[in-house]
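Structure below is input21.txt: compact mmCIF, C-alpha atoms.
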```
# COMPACT_ATOMS: atom_id res chain seq x y z
CA MET A 1 5.29 16.47 17.19
CA ASN A 2 7.72 16.43 14.28
CA LYS A 3 7.53 13.74 11.60
CA ARG A 4 10.62 11.89 12.81
CA CYS A 5 9.22 11.49 16.34
CA LEU A 6 5.77 10.64 15.02
CA ARG A 7 7.20 8.02 12.67
CA ALA A 8 9.25 6.44 15.47
CA ARG A 9 6.23 6.28 17.79
CA LEU A 10 3.94 4.77 15.16
CA ARG A 11 6.54 2.23 14.02
CA ALA A 12 7.03 1.10 17.61
CA GLN A 13 3.27 0.88 18.07
CA ARG A 14 2.75 -1.38 15.05
CA ARG A 15 5.70 -3.61 16.01
CA GLN A 16 3.96 -4.20 19.37
CA GLN A 17 0.99 -5.92 17.70
CA SER A 18 0.81 -9.53 18.88
CA PRO A 19 1.29 -12.24 16.24
CA ALA A 20 -2.30 -13.38 16.81
CA HIS A 21 -3.66 -9.86 16.29
CA ALA A 22 -1.45 -9.33 13.22
CA ARG A 23 -2.84 -12.55 11.65
CA GLN A 24 -6.39 -11.48 12.45
CA VAL A 25 -5.84 -8.06 10.88
CA ALA A 26 -4.35 -9.67 7.75
CA GLU A 27 -7.52 -11.77 7.36
CA GLN A 28 -9.80 -8.78 8.04
CA VAL A 29 -8.18 -6.51 5.46
CA VAL A 30 -8.50 -9.27 2.84
CA ALA A 31 -12.19 -9.69 3.66
CA HIS A 32 -12.79 -5.94 3.38
CA LEU A 33 -10.94 -5.66 0.07
CA ALA A 34 -12.60 -8.79 -1.38
CA SER A 35 -16.00 -7.21 -0.81
CA ALA A 36 -15.08 -4.05 -2.76
CA ARG A 37 -16.55 -3.50 -6.23
CA LEU A 38 -13.08 -3.15 -7.73
CA TRP A 39 -12.16 -6.69 -6.63
CA GLN A 40 -15.04 -8.34 -8.50
CA ALA A 41 -13.34 -8.14 -11.91
CA PRO A 42 -9.67 -8.92 -12.64
CA VAL A 43 -7.43 -6.02 -11.65
CA GLN A 44 -3.74 -5.26 -11.95
CA LEU A 45 -2.70 -4.97 -8.31
CA ALA A 46 0.58 -3.89 -6.74
CA ALA A 47 1.27 -4.71 -3.11
CA TYR A 48 4.33 -4.93 -0.91
CA LEU A 49 6.06 -7.60 1.14
CA PRO A 50 5.90 -6.56 4.80
CA SER A 51 8.76 -5.55 7.06
CA ASP A 52 9.11 -3.65 10.33
CA GLY A 53 5.66 -4.64 11.62
CA GLU A 54 3.74 -3.55 8.50
CA VAL A 55 0.35 -5.16 7.90
CA ASP A 56 1.04 -8.63 6.50
CA THR A 57 0.09 -8.97 2.83
CA SER A 58 0.78 -12.70 2.37
CA VAL A 59 -2.88 -13.71 2.74
CA LEU A 60 -3.94 -10.89 0.43
CA LEU A 61 -1.41 -11.86 -2.25
CA ARG A 62 -2.55 -15.51 -2.18
CA ARG A 63 -6.21 -14.50 -2.40
CA ALA A 64 -5.51 -12.07 -5.24
CA ARG A 65 -3.59 -14.69 -7.22
CA GLY A 66 -6.43 -17.19 -6.68
CA ALA A 67 -8.98 -14.63 -7.89
CA GLY A 68 -7.09 -14.11 -11.16
CA HIS A 69 -5.75 -10.63 -10.40
CA GLY A 70 -2.41 -9.58 -11.89
CA LEU A 71 0.17 -9.14 -9.13
CA TYR A 72 3.09 -6.71 -8.99
CA LEU A 73 5.71 -6.00 -6.37
CA PRO A 74 7.86 -2.89 -5.96
CA ARG A 75 11.54 -2.97 -6.89
CA LEU A 76 13.94 -0.26 -5.76
CA ILE A 77 15.67 1.67 -8.50
CA GLY A 78 17.98 4.39 -7.22
CA ASP A 79 16.00 6.63 -4.90
CA SER A 80 12.64 5.62 -6.40
CA LEU A 81 10.88 2.35 -7.16
CA GLU A 82 9.17 0.57 -10.03
CA PHE A 83 6.53 -2.13 -10.24
CA VAL A 84 7.40 -5.58 -11.59
CA PRO A 85 4.95 -8.39 -12.41
CA TRP A 86 5.01 -11.40 -10.06
CA PRO A 87 2.75 -13.84 -11.91
CA THR A 88 3.84 -16.90 -9.95
CA GLU A 89 5.53 -17.38 -6.63
CA ALA A 90 8.88 -17.17 -8.39
CA PRO A 91 11.96 -16.69 -6.21
CA LEU A 92 12.67 -13.14 -5.14
CA ARG A 93 16.02 -11.43 -4.64
CA PRO A 94 16.55 -9.37 -1.47
CA ASN A 95 17.14 -5.66 -1.93
CA ARG A 96 19.39 -3.51 0.27
CA TYR A 97 16.75 -3.62 3.02
CA GLY A 98 16.42 -7.41 2.83
CA ILE A 99 12.97 -7.24 1.17
CA GLY A 100 12.37 -9.62 -1.72
CA GLU A 101 12.00 -8.19 -5.21
CA PRO A 102 11.03 -9.91 -8.49
CA SER A 103 13.14 -9.83 -11.63
CA GLY A 104 11.74 -8.97 -15.03
CA ALA A 105 10.53 -5.94 -16.91
CA ALA A 106 8.90 -3.17 -14.90
CA GLN A 107 5.54 -1.67 -15.81
CA PRO A 108 4.59 2.00 -15.39
CA PRO A 109 2.23 2.78 -12.50
CA SER A 110 -0.42 3.78 -15.05
CA ALA A 111 -0.65 0.09 -16.10
CA LEU A 112 -2.02 -0.76 -12.65
CA ASP A 113 -5.55 -0.48 -11.29
CA LEU A 114 -4.70 -0.52 -7.58
CA ILE A 115 -1.57 0.09 -5.54
CA LEU A 116 -1.53 -0.93 -1.87
CA LEU A 117 1.03 1.22 -0.08
CA PRO A 118 2.71 0.42 3.23
CA THR A 119 1.71 3.11 5.69
CA VAL A 120 3.24 4.25 8.97
CA GLY A 121 0.56 6.87 9.70
CA TRP A 122 -2.54 8.28 8.00
CA THR A 123 -5.15 11.01 8.43
CA VAL A 124 -8.82 11.21 7.51
CA THR A 125 -7.89 13.62 4.71
CA GLY A 126 -5.72 11.02 2.95
CA SER A 127 -2.27 12.09 4.10
CA ARG A 128 0.17 9.18 4.30
CA LEU A 129 3.28 8.99 6.44
CA GLY A 130 5.74 6.45 5.04
CA MET A 131 9.09 5.20 6.30
CA GLY A 132 10.80 8.44 5.30
CA GLY A 133 12.70 7.37 2.19
CA GLY A 134 10.25 8.97 -0.25
CA TYR A 135 10.39 6.03 -2.67
CA TYR A 136 6.64 5.87 -3.33
CA ASP A 137 6.30 9.67 -3.50
CA ARG A 138 9.01 9.93 -6.17
CA CYS A 139 7.59 7.03 -8.15
CA LEU A 140 4.03 8.33 -8.11
CA GLU A 141 4.50 12.11 -8.19
CA ALA A 142 4.42 12.35 -11.99
CA MET A 143 1.03 10.66 -12.29
CA PRO A 144 -2.00 12.77 -13.19
CA THR A 145 -4.57 13.66 -10.58
CA ARG A 146 -7.14 11.06 -9.61
CA ASP A 147 -9.95 12.95 -11.38
CA ILE A 148 -8.41 12.23 -14.79
CA GLY A 149 -9.03 8.54 -14.17
CA ASP A 150 -5.92 7.20 -15.87
CA ARG A 151 -3.94 6.30 -12.79
CA PRO A 152 -4.36 3.56 -10.20
CA LEU A 153 -6.17 3.94 -6.93
CA LEU A 154 -3.68 4.52 -4.13
CA VAL A 155 -4.80 2.69 -1.00
CA GLY A 156 -2.78 2.75 2.20
CA LEU A 157 -2.64 -0.42 4.27
CA ALA A 158 -2.31 0.12 8.03
CA TYR A 159 -3.57 -0.72 11.46
CA ALA A 160 -6.44 1.45 12.69
CA CYS A 161 -4.25 2.57 15.62
CA GLN A 162 -1.92 4.30 13.14
CA ARG A 163 -4.46 7.08 12.50
CA VAL A 164 -3.09 10.53 13.28
CA GLU A 165 -5.24 13.59 14.04
CA GLU A 166 -2.74 16.24 12.97
CA ASP A 167 -2.08 16.61 9.24
CA PHE A 168 1.65 16.16 8.56
CA ALA A 169 1.55 16.34 4.73
CA GLN A 170 4.22 18.18 2.78
CA PRO A 171 3.65 19.55 -0.75
CA TRP A 172 5.60 16.65 -2.31
CA ASP A 173 3.66 13.92 -0.45
CA VAL A 174 1.34 11.82 -2.63
CA ARG A 175 -2.11 11.58 -1.07
CA LEU A 176 -4.04 8.36 -0.65
CA ASP A 177 -7.38 7.69 -2.33
CA ALA A 178 -8.37 5.43 0.59
CA ILE A 179 -7.08 3.63 3.66
CA LEU A 180 -7.63 -0.07 4.40
CA THR A 181 -7.47 -1.21 8.03
CA GLU A 182 -9.01 -3.99 10.08
CA ASN A 183 -12.02 -1.66 10.47
CA GLY A 184 -12.66 -1.50 6.72
CA LEU A 185 -12.06 0.75 3.73
CA GLN A 186 -12.33 4.51 4.11
CA ALA A 187 -12.39 6.52 0.89
CA PHE A 188 -10.85 9.97 0.53
CA SER A 189 -11.58 10.57 -3.18
CA ASP A 190 -14.60 10.29 -5.45
CA ALA A 191 -12.82 7.66 -7.52
CA ALA A 192 -12.27 5.54 -4.43
CA GLU A 193 -15.93 5.92 -3.43
CA ALA A 194 -16.96 4.59 -6.85
CA ALA A 195 -14.46 1.72 -6.95
CA LEU A 196 -14.58 0.51 -3.39
```
File written out as structure tokens:
Amino acid sequence: MNKRCLRARLRAQRRQQSPAHARQVAEQVVAHLASARLWQAPVQLAAYLPSDGEVDTSVLLRRARGAGHGLYLPRLIGDSLEFVPWPTEAPLRPNRYGIGEPSGAAQPPSALDLILLPTVGWTVTGSRLGMGGGYYDRCLEAMPTRDIGDRPLLVGLAYACQRVEEDFAQPWDVRLDAILTENGLQAFSDAAEAAL
């Protein structure tokens, strides 16, 4: 199956989640993340605002703010994105996709400890299938490898049913350090094993 067909199938599958199940998954992913070692001390955390059936992050963002973590949201810039602090629930401006973005000065990805990425599909080797725009890949491609330890952990957020057996990764795709689903955290890198 080519990536376009796979993406369409997985997007349809996640949009079919019932509102009750989506709320339950949102609570479960927060519980799993809150039990991780990384969460126990203040972290600089980037997440996304959901669209198109993505796992809802509203509960996670509230819990993170209450725990004293620094929050960031992505902001589109050309064909890439940047991360902007969102210290309070300040009003957001919709981007060209209708997704709210904060105003203010952006921070480099290296200033963050953890980035939660929206994920259409994932494999047990850490491959991530996104929406197809390549925004996250372009933003994160210049970061050093995880082993150097001076870049954030990249954790995909998805439903467990979005797991794919066949590896679809391309050379330019940025790999995940871990995936977070309603079933828990699954690490793909040594750094993720240590932090989560």
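Distances to Ala194 (chain A) were evaluated for A:Ala105, A:Ala36, A:Ala20, A:Ala47 using all atoms listed in the file, and the minimum falls at A:Ala36.
Residues with at least one atom no more than 10 Å from (3.0, 4.0, 16.1), using only C-alpha atoms, are Cys5, Leu6, Arg7, Ala8, Arg9, Leu10, Arg11, Ala12, Gln13, Arg14, Arg15, Gln16, Val120, Gly121, Tyr159, Cys161, Gln162, Arg163 and Val164 of chain A.
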Legend entry - Which residue of A:Ala34, A:Val43, A:Ala178, A:Ile77 approaches Ser127 (chain A) most closely, using all atoms listed in the file: A:Ala178
May I have the centre and edge lengths, in Å to one decimal, of an axis-aligned box around the listed atoms of region 98-103 of chain A with 3 Å added to every side, as AutoDock Vina command-line options?
```
--center_x 13.7 --center_y -8.6 --center_z -4.4 --size_x 11.4 --size_y 8.7 --size_z 20.5
```
Legend entry - Interatomic distance (Å, one decimal) between CA of Asn183 (chain A) and CA of Gly130 (chain A): 20.3 Å
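Distances here use all atoms listed in the file; by that measure, the residue among A:Leu33, A:Ala106, A:Val59, A:Ile115 closest to Gln186 (chain A) is A:Leu33.
Nearest residue to Thr119 (chain A) among A:Gly156, A:Gly184, A:Pro91, A:Pro74 is A:Gly156, counting only C-alpha atoms.
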Legend entry - Pick from A:Glu82, A:Glu182, A:Asp173, A:Glu193, whichever lies nearest to Gln24 (chain A) using only C-alpha atoms: A:Glu182
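Picture a line from CA of Gln17 (chain A) to CA of Glu89 (chain A); it runs 27.3 Å.
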Rebuild region 37-50 of chain A to N, CA and C atoms - output it as a compact mmCIF listing (two decimals), in the coordinates of the input, please.
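result.txt was written with the following content:
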```
# COMPACT_ATOMS: atom_id res chain seq x y z
N ARG A 37 -16.13 -3.36 -4.83
CA ARG A 37 -16.55 -3.50 -6.23
C ARG A 37 -15.35 -3.73 -7.15
N LEU A 38 -14.28 -3.04 -6.90
CA LEU A 38 -13.08 -3.15 -7.73
C LEU A 38 -12.56 -4.58 -7.80
N TRP A 39 -12.71 -5.34 -6.73
CA TRP A 39 -12.16 -6.69 -6.63
C TRP A 39 -12.94 -7.70 -7.46
N GLN A 40 -14.16 -7.36 -7.87
CA GLN A 40 -15.04 -8.34 -8.50
C GLN A 40 -14.63 -8.69 -9.93
N ALA A 41 -13.87 -7.86 -10.58
CA ALA A 41 -13.34 -8.14 -11.91
C ALA A 41 -11.83 -8.18 -11.80
N PRO A 42 -11.14 -8.86 -12.73
CA PRO A 42 -9.67 -8.92 -12.64
C PRO A 42 -9.05 -7.52 -12.65
N VAL A 43 -8.14 -7.30 -11.73
CA VAL A 43 -7.43 -6.02 -11.65
C VAL A 43 -5.93 -6.27 -11.66
N GLN A 44 -5.20 -5.25 -12.03
CA GLN A 44 -3.74 -5.26 -11.95
C GLN A 44 -3.40 -4.59 -10.62
N LEU A 45 -2.85 -5.37 -9.71
CA LEU A 45 -2.70 -4.97 -8.31
C LEU A 45 -1.24 -5.01 -7.89
N ALA A 46 -0.76 -3.92 -7.33
CA ALA A 46 0.58 -3.89 -6.74
C ALA A 46 0.44 -3.86 -5.23
N ALA A 47 1.23 -4.69 -4.57
CA ALA A 47 1.27 -4.71 -3.11
C ALA A 47 2.73 -4.75 -2.70
N TYR A 48 2.97 -4.91 -1.44
CA TYR A 48 4.33 -4.93 -0.91
C TYR A 48 4.52 -6.18 -0.06
N LEU A 49 5.74 -6.56 0.17
CA LEU A 49 6.06 -7.60 1.14
C LEU A 49 6.40 -6.90 2.45
N PRO A 50 5.79 -7.32 3.55
CA PRO A 50 5.90 -6.56 4.80
C PRO A 50 7.26 -6.66 5.48
```
